[in-house]
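These notes are about the structure you will find just below.
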There are 4 protein chains.
Amino acid sequence: MTVKTPGVSWVTLTIGMLGGDEREQEIARLAAATGAEVRACGFPWPEHGIPGVQHLADPVAVLKGAKFALFPVPGISADGALFAPKSPAPIVPDRSMLAVMKQPAHIILGWADDKLKTHAADLSIQLHEYEWDRGMMLRRAPTIIEGLLKIAIENTVITIHKAQVCVVGHGTIGSLLTRYLIALGAMVHVVARSPDRRAAAYVSGAEIHLLEELEDLAPELDILFSTVPARIVGENILARLRKAALVLDIVAPPGSVDREAAKKLGVKTVWARGLGSRAPVTVGASQWEGIRERVEKIIQAEL
Amino acid sequence: MTVKTPGVSWVTLTIGMLGGDEREQEIARLAAATGAEVRACGFPWPEHGIPGVQHLADPVAVLKGAKFALFPVPGISADGALFAPKSPAPIVPDRSMLAVMKQPAHIILGWADDKLKTHAADLSIQLHEYEWDRGMMLRRAPTIIEGLLKIAIENTVITIHKAQVCVVGHGTIGSLLTRYLIALGAMVHVVARSPDRRAAAYVSGAEIHLLEELEDLAPELDILFSTVPARIVGENILARLRKAALVLDIVAPPGSVDREAAKKLGVKTVWARGLGSRAPVTVGASQWEGIRERVEKIIQAEL
Amino acid sequence: MTVKTPGVSWVTLTIGMLGGDEREQEIARLAAATGAEVRACGFPWPEHGIPGVQHLADPVAVLKGAKFALFPVPGISADGALFAPKSPAPIVPDRSMLAVMKQPAHIILGWADDKLKTHAADLSIQLHEYEWDRGMMLRRAPTIIEGLLKIAIENTVITIHKAQVCVVGHGTIGSLLTRYLIALGAMVHVVARSPDRRAAAYVSGAEIHLLEELEDLAPELDILFSTVPARIVGENILARLRKAALVLDIVAPPGSVDREAAKKLGVKTVWARGLGSRAPVTVGASQWEGIRERVEKIIQAEL
Amino acid sequence: MTVKTPGVSWVTLTIGMLGGDEREQEIARLAAATGAEVRACGFPWPEHGIPGVQHLADPVAVLKGAKFALFPVPGISADGALFAPKSPAPIVPDRSMLAVMKQPAHIILGWADDKLKTHAADLSIQLHEYEWDRGMMLRRAPTIIEGLLKIAIENTVITIHKAQVCVVGHGTIGSLLTRYLIALGAMVHVVARSPDRRAAAYVSGAEIHLLEELEDLAPELDILFSTVPARIVGENILARLRKAALVLDIVAPPGSVDREAAKKLGVKTVWARGLGSRAPVTVGASQWEGIRERVEKIIQAEL
């Protein structure tokens with residue numbers, strides 16, 4: 001994905017990075033590879049460092065004179081701290097910290113809470129949220145799918161090849177998962193509410209079903225992936241699954257599977273979470289693509 | 001695609017079909033298979049008839065007492081006649097013809113012109129257009145793609161396997177075409193304006209490019225498919241293609257390729273049109289799915 | 001496929017090419033691109049020539065002083081002439097013609113008849129037949145499969161996508177065809193005698209059947225590809241096919257389908273022959289790979 | 001894989017099973033489902049039993065009057081005991097144990113050692129080894145490949161999608177692995193000695209290389225799978241890999257990777273062994289297919 005934008009000079013930029021996890025290592029590496037000055041704090045620092053990136057202890061030093069700040073995708077906790085699980089101290093981007101940036105300044109991040117929005121507005125710093133960017137979600141999708149395949153493989157006594165698999169939902173993840181499973185030789189059933197999405201699944205090679213048909217389909221299934229953010233997989237469905245079936249819930253809390261019922265009925269259920277941080281180099285690189293595009297657009301607009 | 005809707009009784013329905021081509025044969029066959037009374041006029045009639053379908057000469061007799069009328073997808077000509085290339089006489093759905101339907105009546109069709117809309121409004125007949133139904137478009141897509149593959153195969157001296165192929169545009173047809181070409185072993189380049197669509201193409205396995213990069217990419221290409229409804233493939237691109245390259249334009253008039261320039265430069269160009277009527281049995285069946293869903297929804301709403 | 005062999009100097013070689021069709025144009029072009037002296041006669045000559053290749057009228061002049069002669073794959077007719085359908089006069093490689101080659105001389109060709117073998121033995125010219133080279137057959141396979149897809153697409157009223165397709169035989173062509181059809185979304189049934197080949201087909205994603213089961217399978221099929229060099233598809237099977245089914249025979253004479261019975265029963269049958277000459281640039285290039293490997297091995301052995 | 005053989009009556013048969021692991025549970029279940037009398041000993045017994053299968057403590061009681069004995073695939077240890085890791089006592093099929101079978105008796109097993117061969121010959125019991133059955137190997141292949149994918153996914157910081165992956169060797173596992181990796185979006189390089197296998201890999205969509213080229217290819221690779229039973233991946237190759245590269249050795253002892261050198265150089269290496277016992281239900285079922293075919297052939301021959 002080496003799409004280039006003309007007329008953008010990176011070597012004059014200073015970029016400060018606060019918080020994050022292994023993904024930020026790759027983002028920092030790629031940011032420095034542009035020639036920009038990159039400083040970082042709050043994510044796990046590799047033993048041999050990152051070429052061209054300065055690792056500082058103080059968040060204020062990181063942001064001082066920086067035109068761009070990069071904050072991690074997972075967002076901000078209730079107490080206002082950035083996502084930084086390996087940081088010795090919480091990093092709270094308060095007004096005094098942000099005030100040291102070089103105007104006109106920009107923060108590129110997953111999403112901002114109200115406090116951060118207020119500070120930014122007061123300081124005339126522009127916020128650029130990309131948590132809901134569909135292109136970014138798509139680029140993360142193979143990472144998530146591969147993580148799901150691993151979970152499916154390690155929790156079954158059958159192969160995906162020739163297994164009867166149902167994917168509930170046919171959005172970004174559901175549709176790509178369907179294509180992967182078909183490529184691996186599974187017999188794939190897709191349950192979706194929208195006729196358009198059912199048509200897309202049919203074209204991909206799946207058998208398609210209405211949501212109401214899931215209950216009757218259940219006894220045929222070896223694996224059921226649930227991708228719809230609603231409590232879809234209830235006791236009525238769980239009770240009709242085979243003893244050896246596996247249920248994989250990939251929906252953020254509160255999830256889409258009635259875990260109580262599953263436990264009671266003895267249905268093996270895995271709640272697959274945090275898959276976005278597997279393959280941190282690939283995910284970091286794809287996030288960097290999105291960040292890079294934003295930076296270049298901002299610079300071109302300011303020319 | 002045997003999705004069933006409960007509580008719908010077909011045997012009491014009368015359906016009249018006017019105009020069309022080979023696709024309507026399959027639609028009529030499937031309509032009659034529901035148990036409904038089906039009458040038809042204006043599409044090519046097979047030698048051995050269609051089980052359960054009455055072939056009548058008079059459009060009025062076809063519609064008489066019918067609750068549903070089915071008109072063909074290609075719509076209505078400037079003189080108000082339905083698409084019916086094999087009909088001995090033009091079929092113009094005027095007020096007197098429509099007045100014989102049984103109220104509350106419904107016409108399911110591709111799209112209506114103003115005259116037809118006026119007649120229908122005056123007679124309290126409801127029109128249901130489905131030309132722009134994305135699900136229907138998707139179900140037609142494999143037909144169109146297979147037609148494109150045939151054209152590509154018969155117009156090249158190389159195989160699609162390992163060929164350098166570019167698909168300009170990544171909408172319904174472009175994205176499915178990309179997946180087919182990758183499955184056939186081509187090295188696929190996708191040019192798209194939207195970052196989201198470029199991301200989708202990347203995930204599908206293609207190399208991705210900005211529109212501005214197409215000119216530099218051109219000398220590498222064996223085949224170029226253009227799917228964007230705009231004059232994208234101009235002399236600047238055509239002039240840089242290889243002598244043996246093939247350009248396939250799949251855009252409705254006026255098309256997306258500068259055919260004058262292509263001719264002057266000696267670039268082999270095929271304007272692939274009317275692919276929607278290849279595989280009339282498959283397309284008829286998928287259109288029938290869309291029609292059936294609409295009929296059942298209408299009946300359920302009237303219960 | 002740019003596999004290089006060290007220690008081989010092409011620029012000192014003279015190569016003579018006699019007979020052939022469009023494939024030989026590409027072979028000649030690639031042969032000349034090595035730096036060798038290349039002379040040709042007896043295949044259709046392109047309007048603008050071939051860079052570095054001399055087109056001569058006299059076969060003797062072509063072979064004079066040549067260390068290597070390349071003859072076409074389709075072999076030799078009953079009267080001893082090389083395959084050269086566009087040649088003004090037949091080219092018969094007799095003793096006097098071959099005697100002008102430079103010793104130790106080599107002829108690389110599809111296969112030799114007895115006369116040619118005798119001449120070569122008498123003149124101490126080595127013959128290198130490659131008609132039965134499995135690697136060459138494999139490299140030709142995508143060409144043949146794409147030609148078959150084109151025939152299937154233009155002779156059906158349904159899509160390959162979701163069609164019920166049977167492939168009889170699971171050798172080089174049958175197994176690759178199976179994988180292509182699955183990639184295009186067909187429901188593929190493979191009939192094969194050997195348990196190993198059935199296992200391979202199963203792993204590829206097909207449903208598998210014994211030969212004896214073909215008769216019972218027939219009524220389910222939309223398309224039947226027959227790839228086994230034996231009269232497998234007889235009246236018993238043809239009589240049970242659907243009216244709209246298509247039979248594709250890809251076996252060399254006498255073929256594998258009872259064409260008389262098919263005609264009598266009204267079963268649409270296409271005998272797909274000569275597919276090896278479609279995509280002459282790709283096939284020529286892959287033949288050149290095989291020729292190149294042989295030339296280099298010969299030269300290395302003679303060092 | 002429900003291929004049926006006519007004229008075989010299972011209900012009159014007695015089958016004794018000795019040793020094994022979870023795979024034997026599925027084999028026993030399917031054997032009993034034919035109607036045969038099935039007795040078992042020496043593999044892990046499921047909590048709720050296996051329908052129709054008698055679990056006995058004494059191997060002699062298992063074989064008493066049995067026409068067929070099934071022994072596990074992994075074969076026989078140095079001390080003559082069958083593979084039976086969960087058995088409380090070793091099971092050594094000695095002469096007195098085998099003598100209780102009903103003549104003419106047959107043992108179907110992976111492979112026999114010399115002692116077992118002698119006993120069988122003395123007692124006129126026929127041995128049927130299937131360790132080297134290519135069809136069985138193929139049917140096991142998806143299990144092994146999926147196990148490999150899981151290992152690759154959990155040991156990398158990148159996705160398989162768009163990764164540069166090399167598969168050394170293009171036999172049963174290598175060729176299927178290549179196809180899987182391409183389906184998952186990897187850029188696959190195949191290194192193989194035989195030109196035929198390189199051609200097969202090329203047709204599958206891979207880039208192909210000579211063995212001598214592996215050293216130069218190494219710096220480009222993210223993952224290297226080695227499937228050739230020879231010490232192919234030595235220090236010369238390991239030293240040129242990227243720091244983050246993963247090497248996966250899937251060859252039985254002594255393996256194909258110089259593990260000492262890998263350790264010294266800090267190259268992450270996983271020796272993937274015992275993958276044949278993952279997915280025991282699928283593998284058991286495919287082994288049962290091979291066993292069933294053999295039993296039916298034997299019975300038909302004895303008719």
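By order of appearance in the structure tokens: chains A, B, ..., then residues from 1 within every chain, and ligands from 1 in the order shown.
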- Message: So that I can check the surroundings of Leu238 of chain B, please list as a count of residues only every protein, DNA and RNA residue that reaches within 8 Å of it, counting only C-alpha atoms and ignoring chain neighbours fewer than 6 positions away.
- Response: 5
Quick one: everything within 7 Å of Val53 of chain B, counting only C-alpha atoms, minus sequence neighbours fewer than 3 positions away in the same chain. Send it as a short mmCIF file (atom, residue, chain, number, x, y, z; two decimals) with N, CA and C atoms, in the first residue's frame.
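The result, written out as part.cif:
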data_model
loop_
_atom_site.label_atom_id
_atom_site.label_comp_id
_atom_site.auth_asym_id
_atom_site.auth_seq_id
_atom_site.Cartn_x
_atom_site.Cartn_y
_atom_site.Cartn_z
N ALA B 28 -41.72 -16.78 -15.45
CA ALA B 28 -43.07 -17.32 -15.60
C ALA B 28 -43.15 -18.75 -15.04
N ALA B 32 -45.48 -19.79 -11.89
CA ALA B 32 -46.52 -20.82 -11.99
C ALA B 32 -46.28 -21.95 -10.99
N VAL B 38 -50.90 -17.93 -13.87
CA VAL B 38 -49.96 -17.05 -14.57
C VAL B 38 -50.32 -16.98 -16.05
N ARG B 39 -50.43 -15.73 -16.56
CA ARG B 39 -50.71 -15.50 -17.98
C ARG B 39 -49.62 -14.59 -18.53
N ILE B 50 -44.62 -23.48 -21.34
CA ILE B 50 -44.11 -23.41 -19.96
C ILE B 50 -45.21 -23.97 -19.08
#
- Might you pull out every residue within 7 Å of Phe68 of chain D, with only C-alpha atoms counted and same-chain residues fewer than 6 positions away left off, and present them as a list of chain:residue names?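 Close residues of Phe68 of chain D: D:Thr14, D:Ile15, D:Gly16, D:Ala105, D:His106, D:Ile107.
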Prev. selection, C-alpha atoms, output as a short mmCIF file (atom, residue, chain, number, x, y, z; two decimals), in the first residue's frame:
data_model
loop_
_atom_site.label_atom_id
_atom_site.label_comp_id
_atom_site.auth_asym_id
_atom_site.auth_seq_id
_atom_site.Cartn_x
_atom_site.Cartn_y
_atom_site.Cartn_z
CA THR D 14 -16.76 -58.78 14.52
CA ILE D 15 -14.07 -56.11 14.72
CA GLY D 16 -11.52 -55.79 17.53
CA ALA D 105 -8.41 -63.15 9.84
CA HIS D 106 -7.10 -59.71 8.86
CA ILE D 107 -5.26 -56.96 10.70
#
Skip Glu296 of chain A itself and residues of its chain fewer than 3 positions away, then list as a PDB file with N, CA, C and O atoms, in the first residue's frame all residues within 7 Å of it, counting only C-alpha atoms.
ATOM      1  N   THR A   5       1.521  10.798  -1.783  1.00  0.00           N
ATOM      2  CA  THR A   5       0.874  12.086  -2.018  1.00  0.00           C
ATOM      3  C   THR A   5       1.938  13.137  -2.332  1.00  0.00           C
ATOM      4  O   THR A   5       2.899  13.289  -1.572  1.00  0.00           O
ATOM      5  N   VAL A   8       4.248  16.927  -0.159  1.00  0.00           N
ATOM      6  CA  VAL A   8       4.259  16.875   1.296  1.00  0.00           C
ATOM      7  C   VAL A   8       5.691  16.635   1.774  1.00  0.00           C
ATOM      8  O   VAL A   8       6.324  15.674   1.391  1.00  0.00           O
ATOM      9  N   ARG A 292      -1.013   8.486   8.034  1.00  0.00           N
ATOM     10  CA  ARG A 292      -0.237   9.177   7.006  1.00  0.00           C
ATOM     11  C   ARG A 292      -1.157   9.961   6.044  1.00  0.00           C
ATOM     12  O   ARG A 292      -0.916  11.125   5.746  1.00  0.00           O
ATOM     13  N   GLU A 293      -2.227   9.281   5.595  1.00  0.00           N
ATOM     14  CA  GLU A 293      -3.165   9.951   4.699  1.00  0.00           C
ATOM     15  C   GLU A 293      -3.739  11.206   5.342  1.00  0.00           C
ATOM     16  O   GLU A 293      -3.870  12.249   4.702  1.00  0.00           O
ATOM     17  N   ILE A 299      -1.696  18.733   5.829  1.00  0.00           N
ATOM     18  CA  ILE A 299      -0.608  19.595   5.366  1.00  0.00           C
ATOM     19  C   ILE A 299      -0.968  20.256   4.040  1.00  0.00           C
ATOM     20  O   ILE A 299      -0.769  21.456   3.841  1.00  0.00           O
ATOM     21  N   GLN A 300      -1.547  19.468   3.131  1.00  0.00           N
ATOM     22  CA  GLN A 300      -1.928  20.037   1.831  1.00  0.00           C
ATOM     23  C   GLN A 300      -2.963  21.139   2.002  1.00  0.00           C
ATOM     24  O   GLN A 300      -2.933  22.149   1.303  1.00  0.00           O
TER      25      GLN A 300
END
- Output as a PyMOL selection string all residues of segment 12-117 of chain B that backbone DSSP marks as alpha helix (DSSP H). chain B and resi 22-33+59-63+95-98+114-117
Residues of the last selection are to be written out with N, CA, C and O atoms, as a tab-separated table (two decimals), in the first residue's frame.
chain	number	residue	atom	x	y	z
B	22	GLU	N	-35.81	-13.87	-22.83
B	22	GLU	CA	-35.71	-15.25	-22.34
B	22	GLU	C	-35.79	-15.31	-20.80
B	22	GLU	O	-36.18	-16.33	-20.23
B	23	ARG	N	-35.36	-14.24	-20.14
B	23	ARG	CA	-35.43	-14.24	-18.68
B	23	ARG	C	-36.86	-14.44	-18.19
B	23	ARG	O	-37.11	-15.11	-17.19
B	24	GLU	N	-37.82	-13.84	-18.92
B	24	GLU	CA	-39.21	-13.92	-18.47
B	24	GLU	C	-39.74	-15.36	-18.54
B	24	GLU	O	-40.67	-15.73	-17.82
B	25	GLN	N	-39.15	-16.19	-19.40
B	25	GLN	CA	-39.58	-17.60	-19.45
B	25	GLN	C	-39.36	-18.26	-18.09
B	25	GLN	O	-40.22	-18.99	-17.58
B	26	GLU	N	-38.19	-18.01	-17.52
B	26	GLU	CA	-37.89	-18.63	-16.22
B	26	GLU	C	-38.73	-18.00	-15.11
B	26	GLU	O	-39.22	-18.71	-14.23
B	27	ILE	N	-38.92	-16.69	-15.19
B	27	ILE	CA	-39.77	-16.02	-14.19
B	27	ILE	C	-41.18	-16.61	-14.23
B	27	ILE	O	-41.77	-16.94	-13.20
B	28	ALA	N	-41.72	-16.78	-15.45
B	28	ALA	CA	-43.07	-17.32	-15.60
B	28	ALA	C	-43.15	-18.75	-15.04
B	28	ALA	O	-44.09	-19.11	-14.34
B	29	ARG	N	-42.13	-19.55	-15.35
B	29	ARG	CA	-42.11	-20.93	-14.89
B	29	ARG	C	-42.14	-20.99	-13.36
B	29	ARG	O	-42.89	-21.76	-12.75
B	30	LEU	N	-41.31	-20.15	-12.73
B	30	LEU	CA	-41.23	-20.17	-11.27
B	30	LEU	C	-42.48	-19.57	-10.64
B	30	LEU	O	-42.94	-20.03	-9.59
B	31	ALA	N	-43.05	-18.57	-11.30
B	31	ALA	CA	-44.29	-17.97	-10.79
B	31	ALA	C	-45.39	-19.03	-10.80
B	31	ALA	O	-46.14	-19.19	-9.82
B	32	ALA	N	-45.48	-19.79	-11.89
B	32	ALA	CA	-46.52	-20.82	-11.99
B	32	ALA	C	-46.28	-21.95	-10.99
B	32	ALA	O	-47.23	-22.57	-10.49
B	33	ALA	N	-45.01	-22.22	-10.69
B	33	ALA	CA	-44.68	-23.31	-9.76
B	33	ALA	C	-45.18	-23.03	-8.35
B	33	ALA	O	-45.29	-23.94	-7.52
B	59	PRO	N	-52.73	-8.36	-24.55
B	59	PRO	CA	-52.27	-7.87	-23.24
B	59	PRO	C	-53.42	-7.62	-22.27
B	59	PRO	O	-53.27	-7.84	-21.06
B	60	VAL	N	-54.54	-7.17	-22.77
B	60	VAL	CA	-55.67	-6.90	-21.88
B	60	VAL	C	-56.15	-8.20	-21.23
B	60	VAL	O	-56.41	-8.26	-20.03
B	61	ALA	N	-56.22	-9.26	-22.04
B	61	ALA	CA	-56.63	-10.56	-21.50
B	61	ALA	C	-55.64	-11.04	-20.43
B	61	ALA	O	-56.03	-11.71	-19.47
B	62	VAL	N	-54.37	-10.69	-20.61
B	62	VAL	CA	-53.35	-11.10	-19.63
B	62	VAL	C	-53.60	-10.42	-18.28
B	62	VAL	O	-53.50	-11.04	-17.22
B	63	LEU	N	-53.93	-9.15	-18.33
B	63	LEU	CA	-54.07	-8.39	-17.08
B	63	LEU	C	-55.45	-8.52	-16.44
B	63	LEU	O	-55.62	-8.19	-15.26
B	95	ARG	N	-54.05	3.44	-20.01
B	95	ARG	CA	-55.01	3.43	-18.92
B	95	ARG	C	-56.06	2.33	-19.07
B	95	ARG	O	-56.39	1.63	-18.12
B	96	SER	N	-56.56	2.14	-20.30
B	96	SER	CA	-57.63	1.15	-20.49
B	96	SER	C	-57.10	-0.26	-20.23
B	96	SER	O	-57.81	-1.13	-19.71
B	97	MET	N	-55.83	-0.51	-20.60
B	97	MET	CA	-55.24	-1.83	-20.37
B	97	MET	C	-55.10	-2.12	-18.88
B	97	MET	O	-55.44	-3.20	-18.39
B	98	LEU	N	-54.63	-1.10	-18.15
B	98	LEU	CA	-54.37	-1.30	-16.72
B	98	LEU	C	-55.66	-1.37	-15.91
B	98	LEU	O	-55.71	-1.96	-14.82
B	114	ASP	N	-43.09	8.62	-16.77
B	114	ASP	CA	-44.09	9.52	-16.17
B	114	ASP	C	-45.51	9.14	-16.52
B	114	ASP	O	-46.42	9.20	-15.69
B	115	LYS	N	-45.71	8.71	-17.80
B	115	LYS	CA	-47.08	8.35	-18.21
B	115	LYS	C	-47.61	7.20	-17.38
B	115	LYS	O	-48.72	7.24	-16.87
B	116	LEU	N	-46.77	6.18	-17.25
B	116	LEU	CA	-47.19	5.01	-16.49
B	116	LEU	C	-47.47	5.39	-15.04
B	116	LEU	O	-48.44	4.93	-14.44
B	117	LYS	N	-46.63	6.28	-14.50
B	117	LYS	CA	-46.84	6.73	-13.12
B	117	LYS	C	-48.19	7.42	-12.97
B	117	LYS	O	-48.91	7.22	-12.00
Please tabulate, as a Markdown table, the residues of chain C that come within 8 Å of chain D, each with its closest pair of atoms and the distance in Å to one decimal, counting only C-alpha atoms and ordering rows by chain, then residue number upward.
| residue | atom | partner | partner_atom | distance |
| --- | --- | --- | --- | --- |
| C:Met1 | CA | D:Ile208 | CA | 6.5 |
| C:Val3 | CA | D:His209 | CA | 6.5 |
| C:Arg134 | CA | D:Asp196 | CA | 6.0 |
| C:Gly135 | CA | D:Asp196 | CA | 4.0 |
| C:Met136 | CA | D:Ala199 | CA | 7.5 |
| C:Leu138 | CA | D:Ala199 | CA | 6.1 |
| C:Arg139 | CA | D:Ala199 | CA | 6.0 |
| C:Ala141 | CA | D:Val203 | CA | 7.7 |
| C:Pro142 | CA | D:Val203 | CA | 7.0 |
| C:Pro195 | CA | D:Gly135 | CA | 6.2 |
| C:Asp196 | CA | D:Gly135 | CA | 4.0 |
| C:Arg197 | CA | D:Gly135 | CA | 7.2 |
| C:Arg198 | CA | D:Gly135 | CA | 7.7 |
| C:Ala199 | CA | D:Gly135 | CA | 5.2 |
| C:Ala200 | CA | D:Leu138 | CA | 6.2 |
| C:Tyr202 | CA | D:Arg139 | CA | 7.7 |
| C:Val203 | CA | D:Arg139 | CA | 6.4 |
| C:Glu207 | CA | D:Met1 | CA | 7.3 |
| C:Ile208 | CA | D:Met1 | CA | 6.5 |
| C:His209 | CA | D:Val3 | CA | 6.4 |
| C:Leu210 | CA | D:Val3 | CA | 6.8 |
